[in-house]
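Structure file protein00.txt (compact mmCIF, N, CA and C atoms) follows.
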```txt
# COMPACT_ATOMS: atom_id res chain seq x y z
N MET V 1 139.00 -8.81 -67.28
CA MET V 1 138.31 -9.94 -66.69
C MET V 1 138.56 -9.95 -65.18
N SER V 2 137.62 -10.48 -64.48
CA SER V 2 137.74 -10.51 -63.02
C SER V 2 138.69 -11.62 -62.58
N GLN V 3 139.20 -11.47 -61.39
CA GLN V 3 140.08 -12.47 -60.83
C GLN V 3 139.26 -13.59 -60.20
N SER V 4 139.91 -14.70 -60.00
CA SER V 4 139.28 -15.84 -59.35
C SER V 4 139.10 -15.57 -57.86
N LEU V 5 138.20 -16.29 -57.25
CA LEU V 5 138.05 -16.22 -55.80
C LEU V 5 139.28 -16.74 -55.09
N ALA V 6 140.02 -17.58 -55.77
CA ALA V 6 141.26 -18.15 -55.24
C ALA V 6 142.42 -17.64 -56.10
N PRO V 7 143.28 -16.80 -55.54
CA PRO V 7 144.38 -16.24 -56.32
C PRO V 7 145.24 -17.28 -57.04
N GLU V 8 145.40 -18.46 -56.45
CA GLU V 8 146.21 -19.50 -57.08
C GLU V 8 145.57 -20.06 -58.35
N CYS V 9 144.32 -19.70 -58.59
CA CYS V 9 143.61 -20.17 -59.78
C CYS V 9 143.47 -19.07 -60.85
N ASN V 10 144.04 -17.91 -60.59
CA ASN V 10 143.89 -16.78 -61.51
C ASN V 10 144.33 -17.09 -62.93
N GLU V 11 145.48 -17.74 -63.08
CA GLU V 11 145.99 -18.04 -64.42
C GLU V 11 145.03 -18.96 -65.18
N LEU V 12 144.54 -19.99 -64.51
CA LEU V 12 143.59 -20.91 -65.15
C LEU V 12 142.30 -20.19 -65.54
N LYS V 13 141.81 -19.33 -64.65
CA LYS V 13 140.59 -18.59 -64.94
C LYS V 13 140.78 -17.64 -66.11
N GLU V 14 141.91 -16.97 -66.16
CA GLU V 14 142.18 -16.04 -67.26
C GLU V 14 142.24 -16.77 -68.60
N ARG V 15 142.91 -17.93 -68.62
CA ARG V 15 142.97 -18.72 -69.85
C ARG V 15 141.58 -19.17 -70.28
N TYR V 16 140.78 -19.64 -69.32
CA TYR V 16 139.42 -20.06 -69.65
C TYR V 16 138.58 -18.89 -70.13
N ASP V 17 138.60 -17.78 -69.41
CA ASP V 17 137.81 -16.61 -69.80
C ASP V 17 138.14 -16.15 -71.21
N THR V 18 139.43 -16.09 -71.52
CA THR V 18 139.86 -15.67 -72.86
C THR V 18 139.34 -16.63 -73.92
N CYS V 19 139.49 -17.91 -73.67
CA CYS V 19 139.01 -18.93 -74.61
C CYS V 19 137.50 -18.82 -74.78
N PHE V 20 136.78 -18.74 -73.67
CA PHE V 20 135.32 -18.71 -73.72
C PHE V 20 134.81 -17.48 -74.47
N LEU V 21 135.35 -16.32 -74.18
CA LEU V 21 134.88 -15.10 -74.85
C LEU V 21 135.13 -15.17 -76.36
N LYS V 22 136.27 -15.71 -76.74
CA LYS V 22 136.57 -15.87 -78.17
C LYS V 22 135.60 -16.87 -78.81
N TRP V 23 135.42 -18.02 -78.18
CA TRP V 23 134.51 -19.04 -78.71
C TRP V 23 133.09 -18.50 -78.80
N TYR V 24 132.64 -17.84 -77.75
CA TYR V 24 131.27 -17.33 -77.69
C TYR V 24 131.01 -16.30 -78.78
N SER V 25 131.92 -15.35 -78.92
CA SER V 25 131.69 -14.28 -79.89
C SER V 25 131.96 -14.70 -81.33
N GLU V 26 132.95 -15.54 -81.55
CA GLU V 26 133.34 -15.90 -82.91
C GLU V 26 132.64 -17.13 -83.46
N LYS V 27 132.16 -17.98 -82.58
CA LYS V 27 131.55 -19.22 -83.07
C LYS V 27 130.10 -19.39 -82.61
N TYR V 28 129.86 -19.35 -81.31
CA TYR V 28 128.52 -19.63 -80.79
C TYR V 28 127.49 -18.63 -81.30
N LEU V 29 127.79 -17.34 -81.19
CA LEU V 29 126.82 -16.32 -81.62
C LEU V 29 126.60 -16.33 -83.13
N ARG V 30 127.52 -16.87 -83.87
CA ARG V 30 127.39 -16.93 -85.33
C ARG V 30 126.81 -18.27 -85.79
N GLY V 31 126.48 -19.14 -84.84
CA GLY V 31 125.88 -20.42 -85.17
C GLY V 31 126.85 -21.45 -85.71
N ILE V 32 128.14 -21.20 -85.55
CA ILE V 32 129.16 -22.13 -86.04
C ILE V 32 129.37 -23.28 -85.06
N SER V 33 129.05 -23.05 -83.81
CA SER V 33 129.27 -24.05 -82.77
C SER V 33 128.09 -24.04 -81.80
N THR V 34 127.94 -25.11 -81.07
CA THR V 34 126.87 -25.19 -80.07
C THR V 34 127.49 -25.29 -78.68
N SER V 35 126.67 -25.13 -77.66
CA SER V 35 127.17 -25.24 -76.29
C SER V 35 127.68 -26.65 -76.00
N ASP V 36 127.18 -27.64 -76.73
CA ASP V 36 127.65 -29.01 -76.56
C ASP V 36 129.06 -29.20 -77.13
N ASN V 37 129.45 -28.28 -78.00
CA ASN V 37 130.74 -28.38 -78.68
C ASN V 37 131.64 -27.22 -78.27
N ASN V 38 131.73 -26.97 -76.98
CA ASN V 38 132.52 -25.86 -76.47
C ASN V 38 133.97 -26.30 -76.32
N GLU V 39 134.83 -25.74 -77.14
CA GLU V 39 136.24 -26.14 -77.13
C GLU V 39 136.99 -25.70 -75.88
N CYS V 40 136.36 -24.92 -75.03
CA CYS V 40 136.99 -24.44 -73.80
C CYS V 40 136.63 -25.30 -72.59
N ALA V 41 135.88 -26.35 -72.80
CA ALA V 41 135.40 -27.17 -71.69
C ALA V 41 136.53 -27.76 -70.85
N THR V 42 137.61 -28.17 -71.48
CA THR V 42 138.74 -28.73 -70.74
C THR V 42 139.35 -27.67 -69.82
N MET V 43 139.49 -26.45 -70.32
CA MET V 43 140.04 -25.37 -69.50
C MET V 43 139.12 -25.06 -68.33
N PHE V 44 137.81 -25.11 -68.57
CA PHE V 44 136.86 -24.88 -67.49
C PHE V 44 137.00 -25.95 -66.41
N LYS V 45 137.14 -27.19 -66.83
CA LYS V 45 137.29 -28.29 -65.86
C LYS V 45 138.54 -28.10 -65.02
N GLU V 46 139.64 -27.69 -65.66
CA GLU V 46 140.89 -27.46 -64.92
C GLU V 46 140.70 -26.33 -63.90
N TYR V 47 140.05 -25.26 -64.31
CA TYR V 47 139.80 -24.15 -63.39
C TYR V 47 138.88 -24.59 -62.25
N ASN V 48 137.86 -25.35 -62.59
CA ASN V 48 136.89 -25.83 -61.60
C ASN V 48 137.57 -26.70 -60.55
N VAL V 49 138.47 -27.58 -60.96
CA VAL V 49 139.21 -28.43 -60.03
C VAL V 49 140.04 -27.57 -59.09
N CYS V 50 140.73 -26.58 -59.64
CA CYS V 50 141.56 -25.69 -58.83
C CYS V 50 140.70 -24.92 -57.82
N LEU V 51 139.59 -24.40 -58.29
CA LEU V 51 138.72 -23.61 -57.41
C LEU V 51 138.11 -24.47 -56.30
N LYS V 52 137.65 -25.66 -56.65
CA LYS V 52 137.08 -26.55 -55.63
C LYS V 52 138.12 -26.93 -54.58
N ARG V 53 139.35 -27.17 -55.02
CA ARG V 53 140.43 -27.50 -54.09
C ARG V 53 140.67 -26.33 -53.14
N ALA V 54 140.73 -25.13 -53.68
CA ALA V 54 140.98 -23.93 -52.87
C ALA V 54 139.84 -23.69 -51.88
N LEU V 55 138.60 -23.88 -52.31
CA LEU V 55 137.46 -23.69 -51.42
C LEU V 55 137.48 -24.73 -50.29
N LYS V 56 137.87 -25.95 -50.64
CA LYS V 56 137.94 -27.01 -49.62
C LYS V 56 139.04 -26.70 -48.60
N GLU V 57 140.19 -26.26 -49.08
CA GLU V 57 141.30 -25.92 -48.18
C GLU V 57 140.91 -24.81 -47.20
N ARG V 58 140.02 -23.92 -47.62
CA ARG V 58 139.62 -22.79 -46.79
C ARG V 58 138.36 -23.10 -45.97
N GLY V 59 137.79 -24.29 -46.17
CA GLY V 59 136.58 -24.67 -45.44
C GLY V 59 135.31 -24.05 -45.98
N ILE V 60 135.41 -23.42 -47.13
CA ILE V 60 134.25 -22.74 -47.72
C ILE V 60 133.31 -23.74 -48.37
N ASP V 61 133.84 -24.87 -48.80
CA ASP V 61 133.00 -25.87 -49.45
C ASP V 61 131.87 -26.34 -48.54
N LYS V 62 132.15 -26.49 -47.26
CA LYS V 62 131.11 -26.92 -46.31
C LYS V 62 130.04 -25.85 -46.15
N LEU V 63 130.46 -24.59 -46.14
CA LEU V 63 129.49 -23.50 -46.03
C LEU V 63 128.58 -23.46 -47.26
N LEU V 64 129.15 -23.69 -48.42
CA LEU V 64 128.35 -23.72 -49.65
C LEU V 64 127.35 -24.87 -49.62
N ASP V 65 127.81 -26.04 -49.19
CA ASP V 65 126.91 -27.20 -49.09
C ASP V 65 125.76 -26.92 -48.14
N GLU V 66 126.07 -26.30 -46.99
CA GLU V 66 125.03 -25.97 -46.02
C GLU V 66 124.03 -24.97 -46.60
N ALA V 67 124.53 -23.96 -47.29
CA ALA V 67 123.65 -22.96 -47.89
C ALA V 67 122.77 -23.59 -48.95
N ARG V 68 123.33 -24.48 -49.76
CA ARG V 68 122.53 -25.16 -50.79
C ARG V 68 121.43 -26.00 -50.15
N GLU V 69 121.77 -26.69 -49.08
CA GLU V 69 120.79 -27.52 -48.38
C GLU V 69 119.69 -26.66 -47.77
N ASP V 70 120.08 -25.56 -47.15
CA ASP V 70 119.11 -24.66 -46.51
C ASP V 70 118.10 -24.09 -47.50
N PHE V 71 118.52 -23.87 -48.73
CA PHE V 71 117.66 -23.21 -49.71
C PHE V 71 117.13 -24.15 -50.78
N LYS V 72 117.34 -25.45 -50.60
CA LYS V 72 116.92 -26.43 -51.61
C LYS V 72 115.42 -26.36 -51.88
N GLU V 73 114.62 -26.32 -50.83
CA GLU V 73 113.16 -26.28 -51.01
C GLU V 73 112.73 -24.95 -51.63
N ASN V 74 113.31 -23.86 -51.18
CA ASN V 74 112.99 -22.56 -51.74
C ASN V 74 113.36 -22.49 -53.22
N ASP V 75 114.51 -23.01 -53.57
CA ASP V 75 114.94 -23.02 -54.97
C ASP V 75 113.96 -23.83 -55.82
N ALA V 76 113.53 -24.97 -55.31
CA ALA V 76 112.59 -25.81 -56.06
C ALA V 76 111.29 -25.07 -56.29
N THR V 77 110.82 -24.34 -55.29
CA THR V 77 109.58 -23.57 -55.42
C THR V 77 109.74 -22.48 -56.47
N LEU V 78 110.82 -21.73 -56.38
CA LEU V 78 111.04 -20.63 -57.31
C LEU V 78 111.27 -21.11 -58.74
N LEU V 79 111.87 -22.25 -58.88
CA LEU V 79 112.14 -22.80 -60.20
C LEU V 79 110.97 -23.62 -60.75
N GLY V 80 109.93 -23.79 -59.93
CA GLY V 80 108.74 -24.52 -60.37
C GLY V 80 108.97 -26.02 -60.50
N LYS V 81 109.86 -26.54 -59.72
CA LYS V 81 110.15 -27.97 -59.77
C LYS V 81 109.59 -28.65 -58.54
N LYS V 82 109.54 -29.96 -58.61
CA LYS V 82 109.10 -30.75 -57.46
C LYS V 82 110.08 -30.58 -56.32
N LYS V 83 109.61 -30.80 -55.14
CA LYS V 83 110.46 -30.71 -53.94
C LYS V 83 111.63 -31.68 -54.08
N LEU V 84 112.81 -31.18 -53.82
CA LEU V 84 114.02 -31.99 -53.93
C LEU V 84 114.23 -32.77 -52.64
N PHE V 85 114.36 -34.02 -52.73
CA PHE V 85 114.63 -34.93 -51.62
C PHE V 85 114.12 -34.39 -50.33
```

As a first step, turn the structure in this file into structure tokens.
Amino acid sequence: MSQSLAPECNELKERYDTCFLKWYSEKYLRGISTSDNNECATMFKEYNVCLKRALKERGIDKLLDEAREDFKENDATLLGKKKLF
């Protein structure tokens, strides 16, 4: 599995990846579970919090926000949705 963008989040990402791959292959693909019933969701949230904190500490969060804003109209066009705000 790949490492996290933030080394301090590697352990959380590894735990989530392991859980997700097991859930996906053993339950979701066999129709035993749905995406709404993903038992790894808590681990994903923990990893997401860690990653967002690390991106903010490095100032990358602002760059991501700017990039999202710059491409909002283009994304809406490509996705066939109405113009976003």

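Using only C-alpha atoms for every distance, the candidate list V:Cys9, V:Glu26, V:Phe20, V:Ser2 yields V:Cys9 as the residue closest to Asn48 (chain V).
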
*Using DSSP on the backbone coordinates, identify all residues within chain V classified as alpha helix (DSSP H); present the result as a PyMOL selection string.*
chain V and resi 10-23+41-57+60-70+72-79

_One-decimal distance in Å that lies between atom N of Phe44 (chain V) and atom C of Asp17 (chain V)_ =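 Interatomic distance, atom C of Asp17 (chain V) to atom N of Phe44 (chain V): 9.3 Å.
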
*Tell me which protein, DNA and RNA residues are within 12 Å of Glu11 (chain V), counting only C-alpha atoms, leaving out same-chain ones fewer than 2 positions away, and put them as a list of chain:residue names.*
V:Met1, V:Ser2, V:Gln3, V:Ser4, V:Leu5, V:Ala6, V:Pro7, V:Glu8, V:Cys9, V:Lys13, V:Glu14, V:Arg15, V:Tyr16, V:Asp17, V:Thr18, V:Met43, V:Phe44, V:Glu46, V:Tyr47, V:Cys50, V:Leu51

*asked:* So the first atom is CA of Ala54 (chain V) and the second is atom N of Asn10 (chain V); what is the distance between them in Å, to one decimal place?
replied: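 Those two atoms sit 10.3 Å apart.
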
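Here CA of Lys22 (chain V) and CA of Ser35 (chain V) stand 13.4 Å from one another.
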